[in-house]
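structure.cif (mmCIF, C-alpha atoms) appears below.
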```cif
data_structure
loop_
_atom_site.label_atom_id
_atom_site.label_comp_id
_atom_site.auth_asym_id
_atom_site.auth_seq_id
_atom_site.Cartn_x
_atom_site.Cartn_y
_atom_site.Cartn_z
CA MET A 1 159.10 139.46 158.61
CA GLU A 2 159.36 136.86 161.34
CA GLU A 3 158.08 139.33 163.90
CA GLU A 4 155.07 140.10 161.76
CA VAL A 5 154.11 136.44 161.41
CA ARG A 6 154.54 135.95 165.15
CA LYS A 7 152.23 138.89 165.84
CA GLN A 8 149.64 137.54 163.45
CA ALA A 9 149.80 134.07 165.01
CA GLU A 10 149.41 135.57 168.46
CA TYR A 11 146.41 137.54 167.24
CA LEU A 12 144.82 134.43 165.73
CA TYR A 13 145.37 132.50 168.94
CA LEU A 14 143.65 135.18 170.99
CA GLN A 15 140.82 135.41 168.50
CA GLY A 16 140.42 131.65 168.82
CA LEU A 17 140.31 131.96 172.59
CA ARG A 18 137.60 134.58 172.36
CA LEU A 19 135.57 132.37 170.02
CA TYR A 20 136.10 129.49 172.41
CA ALA A 21 134.64 131.47 175.30
CA GLN A 22 131.66 132.42 173.15
CA SER A 23 130.99 128.89 171.96
CA ALA A 24 131.07 127.55 175.52
CA ALA A 25 127.91 129.53 176.18
CA SER A 26 126.04 128.25 173.14
CA ALA A 27 125.23 124.66 172.22
CA GLY A 28 126.50 122.88 169.12
CA THR A 29 129.92 122.26 167.65
CA GLU A 30 130.04 124.91 164.93
CA GLY A 31 131.74 127.43 167.22
CA LEU A 32 134.34 124.90 168.28
CA GLU A 33 135.10 124.12 164.66
CA LEU A 34 135.77 127.80 164.03
CA VAL A 35 138.14 127.90 166.98
CA ALA A 36 139.95 124.83 165.69
CA GLU A 37 140.31 126.52 162.31
CA THR A 38 141.86 129.71 163.71
CA TRP A 39 144.21 127.81 165.98
CA GLN A 40 145.21 125.58 163.13
CA LYS A 41 146.28 128.69 161.18
CA ALA A 42 148.16 130.07 164.15
CA TRP A 43 149.87 126.71 164.65
CA GLU A 44 150.96 126.65 161.00
CA MET A 45 152.44 130.12 161.36
CA TYR A 46 154.40 129.18 164.46
CA GLY A 47 155.62 126.15 162.57
CA LYS A 48 156.79 128.36 159.71
CA ILE A 49 158.86 130.64 161.89
CA GLY A 50 160.17 127.69 163.86
CA ASP A 51 158.77 128.51 167.31
CA LYS A 52 158.47 124.97 168.59
CA THR A 53 157.37 125.70 172.16
CA LYS A 54 154.49 127.90 171.09
CA ALA A 55 153.49 125.37 168.46
CA ARG A 56 153.47 122.57 171.03
CA GLU A 57 151.38 124.65 173.41
CA LEU A 58 148.84 125.24 170.68
CA GLU A 59 148.84 121.58 169.79
CA LYS A 60 147.89 120.74 173.34
CA SER A 61 144.99 123.18 173.39
CA MET A 62 143.84 121.82 170.04
CA VAL A 63 143.78 118.27 171.36
CA ASP A 64 141.63 119.47 174.26
CA LEU A 65 139.42 121.27 171.82
CA TYR A 66 138.88 118.17 169.71
CA ARG A 67 138.15 116.14 172.79
CA LYS A 68 135.49 118.64 173.78
CA LYS A 69 134.10 118.71 170.27
CA TYR A 70 133.92 114.93 170.21
CA LEU A 71 132.08 114.88 173.53
CA GLU A 72 129.65 117.53 172.32
CA LEU A 73 128.96 115.58 169.15
CA HIS A 74 128.49 112.45 171.14
CA LEU A 75 126.08 114.03 173.59
CA GLY A 76 124.22 115.66 170.72
CA LYS A 77 123.58 112.25 169.25
CA GLU A 78 122.57 110.71 172.53
CA GLN A 79 119.62 113.02 172.95
CA PRO A 80 117.45 112.04 170.00
CA ALA A 81 118.46 108.43 170.59
CA GLY A 82 116.84 108.67 174.01
CA VAL A 83 113.64 109.86 172.41
CA ILE A 84 113.56 107.12 169.83
CA GLY A 85 114.54 104.44 172.34
CA LYS A 86 110.99 103.65 173.22
CA PHE A 87 109.26 100.83 171.37
CA ASN A 88 106.45 103.11 170.38
CA ASP A 89 108.78 105.11 168.18
CA TRP A 90 110.07 102.12 166.26
CA PHE A 91 106.42 101.41 165.65
CA VAL A 92 106.51 104.32 163.19
CA PHE A 93 108.32 102.03 160.78
CA PHE A 94 105.70 99.35 161.25
CA LYS A 95 102.96 101.84 160.44
CA ILE A 96 104.80 102.99 157.33
CA GLY A 97 105.31 99.35 156.37
CA CYS A 98 101.54 98.90 156.52
CA PHE A 99 100.70 101.94 154.41
CA GLY A 100 103.63 102.07 152.05
CA PHE A 101 101.54 101.53 148.92
CA GLY A 102 102.61 103.54 145.95
CA GLY A 103 106.36 103.13 146.01
CA PRO A 104 109.33 105.13 147.22
CA MET A 105 107.78 108.58 147.10
CA ALA A 106 104.90 107.50 149.35
CA VAL A 107 107.26 106.00 151.92
CA PHE A 108 109.52 109.01 151.62
CA ALA A 109 106.62 111.35 152.34
CA LEU A 110 105.41 109.27 155.28
CA LEU A 111 108.86 109.08 156.85
CA GLU A 112 109.46 112.77 156.39
CA GLU A 113 106.12 113.66 157.90
CA GLN A 114 106.70 111.41 160.90
CA LEU A 115 110.40 111.89 161.66
CA VAL A 116 111.24 115.34 160.29
CA ASN A 117 108.05 117.30 160.82
CA GLU A 118 106.44 115.59 163.76
CA LYS A 119 109.22 114.17 165.92
CA LYS A 120 111.95 116.49 164.60
CA ILE A 121 114.60 113.81 164.85
CA LEU A 122 116.12 114.20 161.41
CA THR A 123 116.64 117.08 159.01
CA THR A 124 115.45 117.23 155.43
CA LYS A 125 119.05 117.10 154.26
CA ASP A 126 119.55 113.83 156.16
CA PHE A 127 116.61 112.57 154.24
CA LEU A 128 117.79 113.60 150.81
CA GLU A 129 121.13 112.01 151.51
CA GLY A 130 119.38 108.76 152.41
CA ALA A 131 117.34 108.90 149.22
CA VAL A 132 120.44 109.39 147.08
CA LEU A 133 122.22 106.53 148.84
CA GLY A 134 119.19 104.32 148.34
CA ASP A 135 119.06 105.28 144.70
CA ILE A 136 122.72 104.45 144.12
CA LEU A 137 123.01 101.31 146.20
CA PRO A 138 121.14 98.09 145.38
CA GLY A 139 117.77 97.20 146.83
CA PRO A 140 114.46 99.04 146.84
CA VAL A 141 114.85 102.74 147.62
CA THR A 142 112.10 102.62 150.24
CA MET A 143 113.85 99.99 152.29
CA ASP A 144 117.23 101.62 151.82
CA ILE A 145 115.84 104.88 153.21
CA VAL A 146 114.31 103.06 156.18
CA THR A 147 117.60 101.27 156.91
CA TYR A 148 119.49 104.53 156.54
CA VAL A 149 117.19 106.35 158.95
CA GLY A 150 117.47 103.53 161.48
CA TYR A 151 121.25 103.62 161.25
CA LYS A 152 121.27 107.39 161.70
CA LEU A 153 119.22 107.00 164.85
CA LYS A 154 120.95 104.10 166.59
CA LYS A 155 123.66 102.60 164.40
CA TRP A 156 123.39 98.88 163.54
CA ARG A 157 120.76 98.12 166.13
CA GLY A 158 118.59 100.94 164.88
CA ALA A 159 119.03 99.87 161.27
CA ALA A 160 118.02 96.31 162.12
CA MET A 161 114.99 97.49 164.11
CA SER A 162 113.69 99.89 161.48
CA THR A 163 114.18 97.41 158.63
CA VAL A 164 112.53 94.52 160.44
CA PHE A 165 109.57 96.64 161.55
CA PHE A 166 109.18 98.06 158.07
CA ILE A 167 109.22 94.70 156.32
CA LEU A 168 107.14 92.80 158.88
CA PRO A 169 103.61 93.73 157.72
CA SER A 170 104.26 92.81 154.07
CA PHE A 171 106.16 89.69 155.11
CA VAL A 172 103.30 88.35 157.19
CA LEU A 173 100.70 89.26 154.58
CA MET A 174 102.79 87.62 151.87
CA LEU A 175 103.18 84.44 153.93
CA PHE A 176 99.40 84.18 154.19
CA LEU A 177 98.96 84.80 150.48
CA ALA A 178 101.60 82.22 149.62
CA ALA A 179 99.99 79.65 151.91
CA PHE A 180 96.57 80.17 150.34
CA TYR A 181 97.90 80.52 146.82
CA ASP A 182 97.13 76.91 145.81
CA LYS A 183 93.54 77.17 147.00
CA LEU A 184 93.18 80.59 145.44
CA SER A 185 94.33 79.59 141.99
CA MET A 186 91.78 76.75 141.76
CA SER A 187 88.76 78.86 140.95
CA PRO A 188 88.49 79.83 137.26
CA LYS A 189 87.37 83.36 138.12
CA ILE A 190 90.48 83.95 140.25
CA THR A 191 92.65 82.46 137.51
CA GLU A 192 91.20 84.96 135.08
CA VAL A 193 91.84 87.86 137.48
CA PHE A 194 95.44 86.74 137.88
CA ARG A 195 95.81 86.42 134.11
CA CYS A 196 94.72 90.05 133.68
CA LEU A 197 96.90 91.17 136.59
CA GLY A 198 99.83 89.36 134.98
CA ALA A 199 99.33 91.30 131.76
CA ALA A 200 99.17 94.57 133.70
CA VAL A 201 102.35 93.69 135.58
CA THR A 202 104.10 92.92 132.29
CA GLY A 203 103.09 96.43 131.21
CA LEU A 204 104.41 97.73 134.50
CA ILE A 205 107.79 96.13 133.89
CA VAL A 206 107.97 97.66 130.40
CA SER A 207 107.03 101.10 131.74
CA VAL A 208 109.70 100.87 134.44
CA GLY A 209 112.21 100.09 131.71
CA PHE A 210 111.02 103.12 129.72
CA ARG A 211 111.06 105.39 132.73
CA LEU A 212 114.58 104.38 133.75
CA THR A 213 115.76 104.70 130.14
CA ARG A 214 114.42 108.25 130.00
CA SER A 215 116.05 109.28 133.27
CA GLU A 216 119.35 107.40 133.00
CA ILE A 217 120.30 107.21 129.35
CA LYS A 218 122.04 110.41 128.35
CA ASN A 219 124.28 109.48 125.38
CA HIS A 220 124.86 106.78 122.81
CA TYR A 221 127.50 104.93 124.84
CA GLU A 222 124.85 104.27 127.43
CA ILE A 223 122.48 102.96 124.79
CA TYR A 224 125.19 100.48 123.74
CA ILE A 225 125.64 99.30 127.32
CA LEU A 226 121.89 98.87 127.66
CA LEU A 227 121.59 96.92 124.41
CA CYS A 228 124.59 94.73 125.27
CA ALA A 229 123.06 93.87 128.63
CA PHE A 230 119.74 93.09 126.93
CA VAL A 231 121.28 90.82 124.28
CA LEU A 232 123.72 89.14 126.66
CA SER A 233 120.98 88.16 129.07
CA LEU A 234 118.36 87.27 126.44
CA THR A 235 120.38 85.22 123.97
CA PHE A 236 123.50 84.16 125.84
CA LYS A 237 121.83 83.67 129.25
CA LEU A 238 124.90 85.15 130.87
CA ASP A 239 124.88 85.26 134.68
CA ILE A 240 123.44 88.51 136.06
CA VAL A 241 126.47 89.14 138.23
CA ILE A 242 128.79 88.97 135.23
CA ILE A 243 126.63 91.36 133.22
CA VAL A 244 126.46 93.87 136.06
CA ILE A 245 130.22 93.71 136.64
CA LEU A 246 130.95 94.15 132.92
CA ALA A 247 128.65 97.17 132.74
CA GLY A 248 130.18 98.58 135.90
CA LEU A 249 133.64 98.33 134.38
CA ALA A 250 132.34 100.07 131.26
CA GLY A 251 131.01 102.78 133.58
CA VAL A 252 134.42 103.19 135.22
CA PHE A 253 136.01 103.44 131.79
CA LEU A 254 133.47 106.06 130.65
CA TYR A 255 132.92 108.26 133.68
CA SER A 256 135.77 108.09 136.13
CA LYS A 257 137.34 111.17 134.53
CA ASP A 258 134.06 113.00 134.05
CA ASN A 259 133.35 115.67 136.62
CA LYS A 260 129.77 116.34 135.67
CA ASN A 261 128.51 112.95 136.65
CA ASP A 262 128.29 113.46 140.37
CA ARG A 263 124.87 113.06 141.87
CA MET A 264 125.93 113.05 145.49
CA LYS A 265 127.52 116.47 145.23
CA GLU A 266 124.41 118.06 143.78
CA ILE A 267 122.50 117.27 146.92
CA ASN A 268 125.05 118.76 149.23
CA GLU A 269 125.45 122.08 147.54
CA MET B 1 116.22 70.33 152.19
CA SER B 2 119.21 72.15 153.68
CA GLY B 3 120.88 72.01 150.27
CA THR B 4 117.92 73.77 148.71
CA LEU B 5 117.89 76.31 151.53
CA LEU B 6 121.55 77.08 150.93
CA LYS B 7 120.92 77.47 147.22
CA LEU B 8 117.94 79.72 147.99
CA ALA B 9 120.09 81.86 150.29
CA TRP B 10 122.86 82.10 147.69
CA VAL B 11 120.51 83.08 144.86
CA PHE B 12 118.77 85.79 146.88
CA LEU B 13 122.02 87.14 148.35
CA LYS B 14 123.27 87.46 144.79
CA ILE B 15 120.08 89.20 143.67
CA GLY B 16 120.14 91.51 146.66
CA THR B 17 123.69 92.50 145.81
CA VAL B 18 123.15 93.40 142.16
CA SER B 19 119.66 94.91 142.21
CA PHE B 20 120.89 98.42 141.41
CA GLY B 21 118.25 100.99 140.59
CA GLY B 22 115.41 100.37 143.00
CA GLY B 23 112.72 97.84 143.67
CA LEU B 24 111.30 96.74 140.36
CA VAL B 25 114.64 95.86 138.82
CA ILE B 26 114.53 92.85 141.07
CA ILE B 27 111.98 91.28 138.69
CA PRO B 28 114.34 90.40 135.82
CA LEU B 29 117.02 89.22 138.22
CA VAL B 30 114.68 86.90 140.09
CA GLN B 31 113.07 85.63 136.91
CA ASN B 32 116.48 84.88 135.46
CA GLU B 33 117.56 82.80 138.43
CA VAL B 34 114.40 81.32 139.88
CA VAL B 35 112.53 80.48 136.68
CA LEU B 36 115.17 80.02 133.98
CA LYS B 37 118.14 78.69 135.91
CA TYR B 38 116.73 76.66 138.80
CA GLY B 39 113.18 76.03 137.59
CA TRP B 40 111.74 76.51 141.08
CA LEU B 41 108.72 78.35 139.68
CA THR B 42 106.99 78.44 136.33
CA ASN B 43 106.69 81.77 134.52
CA LYS B 44 103.04 81.97 135.50
CA GLU B 45 103.72 81.30 139.18
CA PHE B 46 106.51 83.85 139.08
CA LEU B 47 104.24 86.47 137.57
CA ASP B 48 101.69 85.74 140.31
CA ALA B 49 104.46 86.21 142.88
CA VAL B 50 105.30 89.61 141.39
CA THR B 51 101.62 90.56 141.24
CA LEU B 52 101.14 89.67 144.90
CA GLY B 53 104.32 91.60 145.71
CA GLN B 54 102.73 94.61 144.03
CA ILE B 55 99.51 94.22 145.95
CA THR B 56 101.15 94.06 149.38
CA PRO B 57 102.16 97.45 150.81
CA GLY B 58 105.91 96.89 151.13
CA PRO B 59 108.56 96.90 148.42
CA ILE B 60 108.34 94.44 145.56
CA ILE B 61 111.24 92.37 146.92
CA ILE B 62 108.70 90.86 149.28
CA SER B 63 108.01 88.52 146.33
CA ALA B 64 111.07 86.73 147.69
CA THR B 65 108.91 85.66 150.64
CA PHE B 66 106.43 84.04 148.26
CA ILE B 67 109.13 82.30 146.25
CA GLY B 68 110.94 81.09 149.36
CA TYR B 69 107.67 79.72 150.70
CA ARG B 70 106.92 77.87 147.45
CA VAL B 71 110.39 76.32 147.45
CA CYS B 72 110.97 75.48 151.13
CA GLY B 73 107.95 76.43 153.26
CA ILE B 74 108.09 79.02 156.03
CA LEU B 75 111.80 78.49 156.62
CA GLY B 76 112.40 79.10 152.93
CA ALA B 77 110.36 82.31 153.13
CA VAL B 78 112.47 83.57 156.04
CA VAL B 79 115.75 82.60 154.37
CA ALA B 80 114.85 84.16 151.01
CA THR B 81 113.58 87.41 152.53
CA THR B 82 116.55 87.82 154.85
CA SER B 83 119.03 87.04 152.08
CA VAL B 84 117.55 89.51 149.64
CA ILE B 85 117.55 92.31 152.22
CA LEU B 86 120.95 91.64 153.78
CA PRO B 87 123.34 92.95 151.07
CA SER B 88 121.72 96.37 150.72
CA PHE B 89 121.29 96.54 154.48
CA VAL B 90 125.00 96.09 155.10
CA MET B 91 125.94 98.42 152.24
CA ILE B 92 123.64 101.19 153.46
CA CYS B 93 125.03 100.99 156.98
CA PHE B 94 128.63 101.19 155.80
CA ALA B 95 127.85 103.91 153.29
CA THR B 96 126.06 105.99 155.93
CA GLU B 97 129.11 105.70 158.15
CA ALA B 98 131.50 106.71 155.38
CA ILE B 99 129.15 108.85 153.35
CA LYS B 100 131.78 111.44 152.52
CA ALA B 101 134.39 108.99 151.29
CA PHE B 102 131.68 107.16 149.40
CA ARG B 103 130.50 110.31 147.69
CA GLU B 104 133.95 111.31 146.59
CA ASN B 105 135.05 107.94 145.26
CA ARG B 106 134.70 108.55 141.55
CA ILE B 107 135.59 105.01 140.49
CA LEU B 108 132.91 103.55 142.74
CA THR B 109 130.18 105.96 141.61
CA SER B 110 131.05 105.38 137.94
CA PHE B 111 130.96 101.63 138.45
CA LEU B 112 127.52 101.88 140.03
CA HIS B 113 126.32 104.14 137.22
CA GLY B 114 127.33 101.54 134.62
CA ALA B 115 125.71 98.78 136.66
CA ARG B 116 122.41 100.66 136.71
CA ILE B 117 122.33 100.85 132.94
CA ALA B 118 122.90 97.11 132.63
CA VAL B 119 119.96 96.52 134.92
CA ILE B 120 117.70 98.53 132.57
CA GLY B 121 118.72 96.19 129.74
CA MET B 122 117.83 93.22 131.89
CA ILE B 123 114.44 94.74 132.70
CA PHE B 124 113.56 94.72 129.01
CA GLU B 125 114.86 91.16 128.76
CA ALA B 126 112.53 90.12 131.60
CA ALA B 127 109.63 91.90 129.91
CA VAL B 128 110.27 89.89 126.76
CA SER B 129 110.53 86.52 128.44
CA ILE B 130 107.60 87.12 130.79
CA GLY B 131 105.55 88.58 127.96
CA LYS B 132 105.89 85.34 126.03
CA ASP B 133 103.81 83.64 128.70
CA SER B 134 101.58 86.44 129.93
CA LEU B 135 100.52 88.05 126.64
CA VAL B 136 98.70 85.21 124.95
CA ASP B 137 95.55 86.76 123.48
CA VAL B 138 94.09 90.10 122.40
CA LYS B 139 92.75 90.84 125.86
CA THR B 140 96.05 90.45 127.69
CA VAL B 141 97.94 92.42 125.02
CA VAL B 142 95.42 95.27 125.30
CA ILE B 143 95.69 95.28 129.10
CA ALA B 144 99.49 95.37 128.94
CA ALA B 145 99.44 98.18 126.37
CA LEU B 146 96.95 100.19 128.45
CA SER B 147 99.07 99.61 131.53
CA VAL B 148 102.20 100.95 129.78
CA ILE B 149 100.31 104.03 128.56
CA CYS B 150 98.75 104.78 131.94
CA LEU B 151 101.98 104.27 133.88
CA PHE B 152 104.51 105.80 131.54
CA LYS B 153 102.58 108.54 129.79
CA TYR B 154 100.04 109.56 132.41
CA LYS B 155 102.02 108.52 135.51
CA VAL B 156 99.06 106.82 137.16
CA ASN B 157 99.88 105.13 140.48
CA SER B 158 100.48 101.42 139.83
CA ILE B 159 97.94 100.37 142.43
CA TRP B 160 95.13 101.83 140.29
CA VAL B 161 96.37 100.05 137.19
CA LEU B 162 96.37 96.74 139.06
CA LEU B 163 92.90 97.47 140.42
CA GLY B 164 91.73 98.15 136.87
CA ALA B 165 93.14 94.80 135.77
CA VAL B 166 91.28 93.05 138.60
CA ILE B 167 88.02 94.68 137.50
CA ILE B 168 88.57 93.67 133.87
CA GLY B 169 89.29 90.13 135.04
CA LEU B 170 86.13 90.03 137.12
CA VAL B 171 83.68 91.43 134.58
CA THR B 172 84.83 89.58 131.45
#
```

Written as structure tokens, how would this file's structure read?
Amino acid sequence: MEEEVRKQAEYLYLQGLRLYAQSAASAGTEGLELVAETWQKAWEMYGKIGDKTKARELEKSMVDLYRKKYLELHLGKEQPAGVIGKFNDWFVFFKIGCFGFGGPMAVFALLEEQLVNEKKILTTKDFLEGAVLGDILPGPVTMDIVTYVGYKLKKWRGAAMSTVFFILPSFVLMLFLAAFYDKLSMSPKITEVFRCLGAAVTGLIVSVGFRLTRSEIKNHYEIYILLCAFVLSLTFKLDIVIIVILAGLAGVFLYSKDNKNDRMKEINE
Amino acid sequence: MSGTLLKLAWVFLKIGTVSFGGGLVIIPLVQNEVVLKYGWLTNKEFLDAVTLGQITPGPIIISATFIGYRVCGILGAVVATTSVILPSFVMICFATEAIKAFRENRILTSFLHGARIAVIGMIFEAAVSIGKDSLVDVKTVVIAALSVICLFKYKVNSIWVLLGAVIIGLVT
């Protein structure tokens, strides 16, 4: 029995070595991961039969392996960073900030066209992951995606750069509009236009409520949460933070045991 | 002045933290704080801020720039905009770093799911309290109803709806 396990472990170790030699020729870390997996199995087997010297030997090679894998990963990330390092590339976010009319999907399409298809810096899966994060976390999805992409490219500095560049065009335009607002609202014609726009925006708010209700509300518990939030904020003027926390706790109570409610997993499978 | 700036920063940090569910949910949160609680803007001014935020290319939260400017000038605009962006910025960076742990934390994802539902309730609340001021005659009610139908039923891009409203305002 013991001899059999030892043979198998030896075989796995050799197989790992062969894989290791193969992966050295090709780029990427997938091969190295496979090697680590086989050696891990061999190591476990040696552990089972109590061969400590062999196990320690394997441990050493595994540490080396992980070091190599880490380096490979690190170098892999450095390459696209070098491409994006130029100012001109961050300008992509400025351009998207200028033409991001039409909400998240428009920005999403622009970013994908620029970064995935044209510059080939990110993959589509990276993108979807960013969109899901943006959808779950607070803040507008468009900006969340931009921040996410920036972080993927160059960590905190990249996130700050992409976000600032993205927001800059609207920020400057809005400053001008705010400065001229008093003069603008003097003329009766402009006042009338703003009155009509205000009505349309009210409709927009209602339609957003409807749209979110259709996509988010799946059962009657959720209707109760929605109604409670509505009543609490309308009649009791409860602080928004308190309402959100209460609803979040209700969510924990309702879903933390539910396996179906997992949006992040759907994307990854 | 610095007291108001601090208050401005606090309010927008708070809003930036709880605005689950995308850009437009920011409307009820801002209205709640800026109009009802602090009285920095009237309902009409607030609606104009939102309208301008819709017209500019970026996300609707850029209305914070307008509000900050009205309250405290350019410095106020910078403070409000930075504050409203900062919470989601930090959260996204951390979540990207720990995306796997984040995805598998069931308690966290359930909490966020509940929070999103509450925000829908608050959107309807904002619609009610803004509607009280913006829907004052037959014309405005018709525009709002048309806007809901176009956006919700026919999924028209909001920029066209706003353009339509501008044209109605100009010709009548």

Q | Polymer residues at most 6 Å from Gly209 in chain A, only C-alpha atoms, same-chain spacing of 3 or more positions, as number ranges by chain | A | A: 206, 212; B: 120, 123

**Q.** Result set, the PyMOL selection byres ((chain B and resi 89) around 12) on current file, as a PyMOL selection string
**A.** (chain A and resi 133-134+137-151+155-164) or (chain B and resi 13+16-17+82-88+90-96)

Q: Could you tell me how far CA of Leu29 in chain B lies from CA of Tyr224 in chain A, in Å and to one decimal?
A: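 Those two atoms sit 20.1 Å apart.
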
**Q.** Neighbour list for range 185-200 of chain A as a ChimeraX atom specification, cut-off 9 Å, all atoms listed in the file, skip fewer than 6 positions in-chain
**A.** /B:44,47-48,50-51,131,134-135,139-148,161-170,172

Phe165 in chain A surroundings by all atoms listed in the file, 6 Å radius, close-in-sequence under 3 positions cut, as a CSV table (one decimal) with C-alpha atoms, keeping the file's coordinate frame:
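Full text of around.csv as output:
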```csv
chain,number,residue,atom,x,y,z
A,93,PHE,CA,108.3,102.0,160.8
A,94,PHE,CA,105.7,99.4,161.2
A,162,SER,CA,113.7,99.9,161.5
A,168,LEU,CA,107.1,92.8,158.9
```

Q | Option closest in space to chain A, from B:Cys150, B:Ile27, B:Ala115, B:Val11 [counting all atoms listed in the file] | A |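 Under the stated criterion, the closest residue is B:Ala115.
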
Q.
Once the PyMOL selection byres ((chain B and resi 74) around 12) is applied to the coordinates I shared, what remains selected? I want it as a list of chain:residue names.
A.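 This file gives the following for the PyMOL selection byres ((chain B and resi 74) around 12): A:Phe171, A:Val172, A:Met174, A:Leu175, A:Phe176, A:Ala178, A:Ala179, B:Leu5, B:Ala64, B:Thr65, B:Phe66, B:Ile67, B:Gly68, B:Tyr69, B:Arg70, B:Val71, B:Cys72, B:Gly73, B:Leu75, B:Gly76, B:Ala77, B:Val78, B:Val79, B:Ala80, B:Thr81.
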
Q | Expansion of the PyMOL selection byres ((chain A and resi 236-249) around 7) into residues, as a list in words | A | Ile225, Ala229, Leu232, Ser233, Leu234, Thr235, Ala250, Gly251, Val252 and Phe253 of chain A; Val18, Leu29, Phe111, Leu112, His113, Gly114, Ala115 and Ala118 of chain B

Using C-alpha atoms, can you write the selected residues to a file as a tab-separated table (two decimals), in the frame of the given file?
```
chain	number	residue	atom	x	y	z
A	225	ILE	CA	125.64	99.30	127.32
A	229	ALA	CA	123.06	93.87	128.63
A	232	LEU	CA	123.72	89.14	126.66
A	233	SER	CA	120.98	88.16	129.07
A	234	LEU	CA	118.36	87.27	126.44
A	235	THR	CA	120.38	85.22	123.97
A	250	ALA	CA	132.34	100.07	131.26
A	251	GLY	CA	131.01	102.78	133.58
A	252	VAL	CA	134.42	103.19	135.22
A	253	PHE	CA	136.01	103.44	131.79
B	18	VAL	CA	123.15	93.40	142.16
B	29	LEU	CA	117.02	89.22	138.22
B	111	PHE	CA	130.96	101.63	138.45
B	112	LEU	CA	127.52	101.88	140.03
B	113	HIS	CA	126.32	104.14	137.22
B	114	GLY	CA	127.33	101.54	134.62
B	115	ALA	CA	125.71	98.78	136.66
B	118	ALA	CA	122.90	97.11	132.63
```

Q) Separation of CA of Val35 in chain B and CA of Ile223 in chain A, in Å? A)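 One can read the CA of Val35 in chain B to CA of Ile223 in chain A distance as 27.3 Å.
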
Q: List the neighbours of Ala9 in chain A out to 8 Å using all atoms listed in the file; skip same-chain residues closer than 6 positions along the sequence, and give me the result as a list in words.
A: Lys41, Ala42, Trp43, Met45 and Tyr46 of chain A

Mind rebuilding range 136-148 of chain B with N, CA and C atoms and writing that out as a PDB file, keeping the file's coordinate frame?
```pdb
ATOM      1  N   VAL B 136      99.027  86.345 125.823  1.00  0.00           N
ATOM      2  CA  VAL B 136      98.700  85.210 124.950  1.00  0.00           C
ATOM      3  C   VAL B 136      97.504  85.473 124.035  1.00  0.00           C
ATOM      4  N   ASP B 137      96.671  86.460 124.363  1.00  0.00           N
ATOM      5  CA  ASP B 137      95.550  86.760 123.480  1.00  0.00           C
ATOM      6  C   ASP B 137      95.335  88.276 123.382  1.00  0.00           C
ATOM      7  N   VAL B 138      94.324  88.666 122.620  1.00  0.00           N
ATOM      8  CA  VAL B 138      94.090  90.100 122.400  1.00  0.00           C
ATOM      9  C   VAL B 138      93.882  90.824 123.724  1.00  0.00           C
ATOM     10  N   LYS B 139      93.097  90.196 124.592  1.00  0.00           N
ATOM     11  CA  LYS B 139      92.750  90.840 125.860  1.00  0.00           C
ATOM     12  C   LYS B 139      93.992  91.180 126.686  1.00  0.00           C
ATOM     13  N   THR B 140      94.868  90.197 126.858  1.00  0.00           N
ATOM     14  CA  THR B 140      96.050  90.450 127.690  1.00  0.00           C
ATOM     15  C   THR B 140      96.974  91.482 127.034  1.00  0.00           C
ATOM     16  N   VAL B 141      97.095  91.436 125.703  1.00  0.00           N
ATOM     17  CA  VAL B 141      97.940  92.420 125.020  1.00  0.00           C
ATOM     18  C   VAL B 141      97.388  93.818 125.223  1.00  0.00           C
ATOM     19  N   VAL B 142      96.041  93.952 125.110  1.00  0.00           N
ATOM     20  CA  VAL B 142      95.420  95.270 125.300  1.00  0.00           C
ATOM     21  C   VAL B 142      95.654  95.764 126.731  1.00  0.00           C
ATOM     22  N   ILE B 143      95.479  94.864 127.708  1.00  0.00           N
ATOM     23  CA  ILE B 143      95.690  95.280 129.100  1.00  0.00           C
ATOM     24  C   ILE B 143      97.130  95.758 129.311  1.00  0.00           C
ATOM     25  N   ALA B 144      98.086  94.988 128.764  1.00  0.00           N
ATOM     26  CA  ALA B 144      99.490  95.370 128.940  1.00  0.00           C
ATOM     27  C   ALA B 144      99.767  96.722 128.291  1.00  0.00           C
ATOM     28  N   ALA B 145      99.208  96.918 127.071  1.00  0.00           N
ATOM     29  CA  ALA B 145      99.440  98.180 126.370  1.00  0.00           C
ATOM     30  C   ALA B 145      98.837  99.348 127.157  1.00  0.00           C
ATOM     31  N   LEU B 146      97.601  99.143 127.642  1.00  0.00           N
ATOM     32  CA  LEU B 146      96.950 100.190 128.450  1.00  0.00           C
ATOM     33  C   LEU B 146      97.770 100.498 129.692  1.00  0.00           C
ATOM     34  N   SER B 147      98.292  99.440 130.298  1.00  0.00           N
ATOM     35  CA  SER B 147      99.070  99.610 131.530  1.00  0.00           C
ATOM     36  C   SER B 147     100.331 100.442 131.257  1.00  0.00           C
ATOM     37  N   VAL B 148     101.003 100.156 130.117  1.00  0.00           N
ATOM     38  CA  VAL B 148     102.200 100.950 129.780  1.00  0.00           C
ATOM     39  C   VAL B 148     101.824 102.415 129.581  1.00  0.00           C
TER      40      VAL B 148
END
```
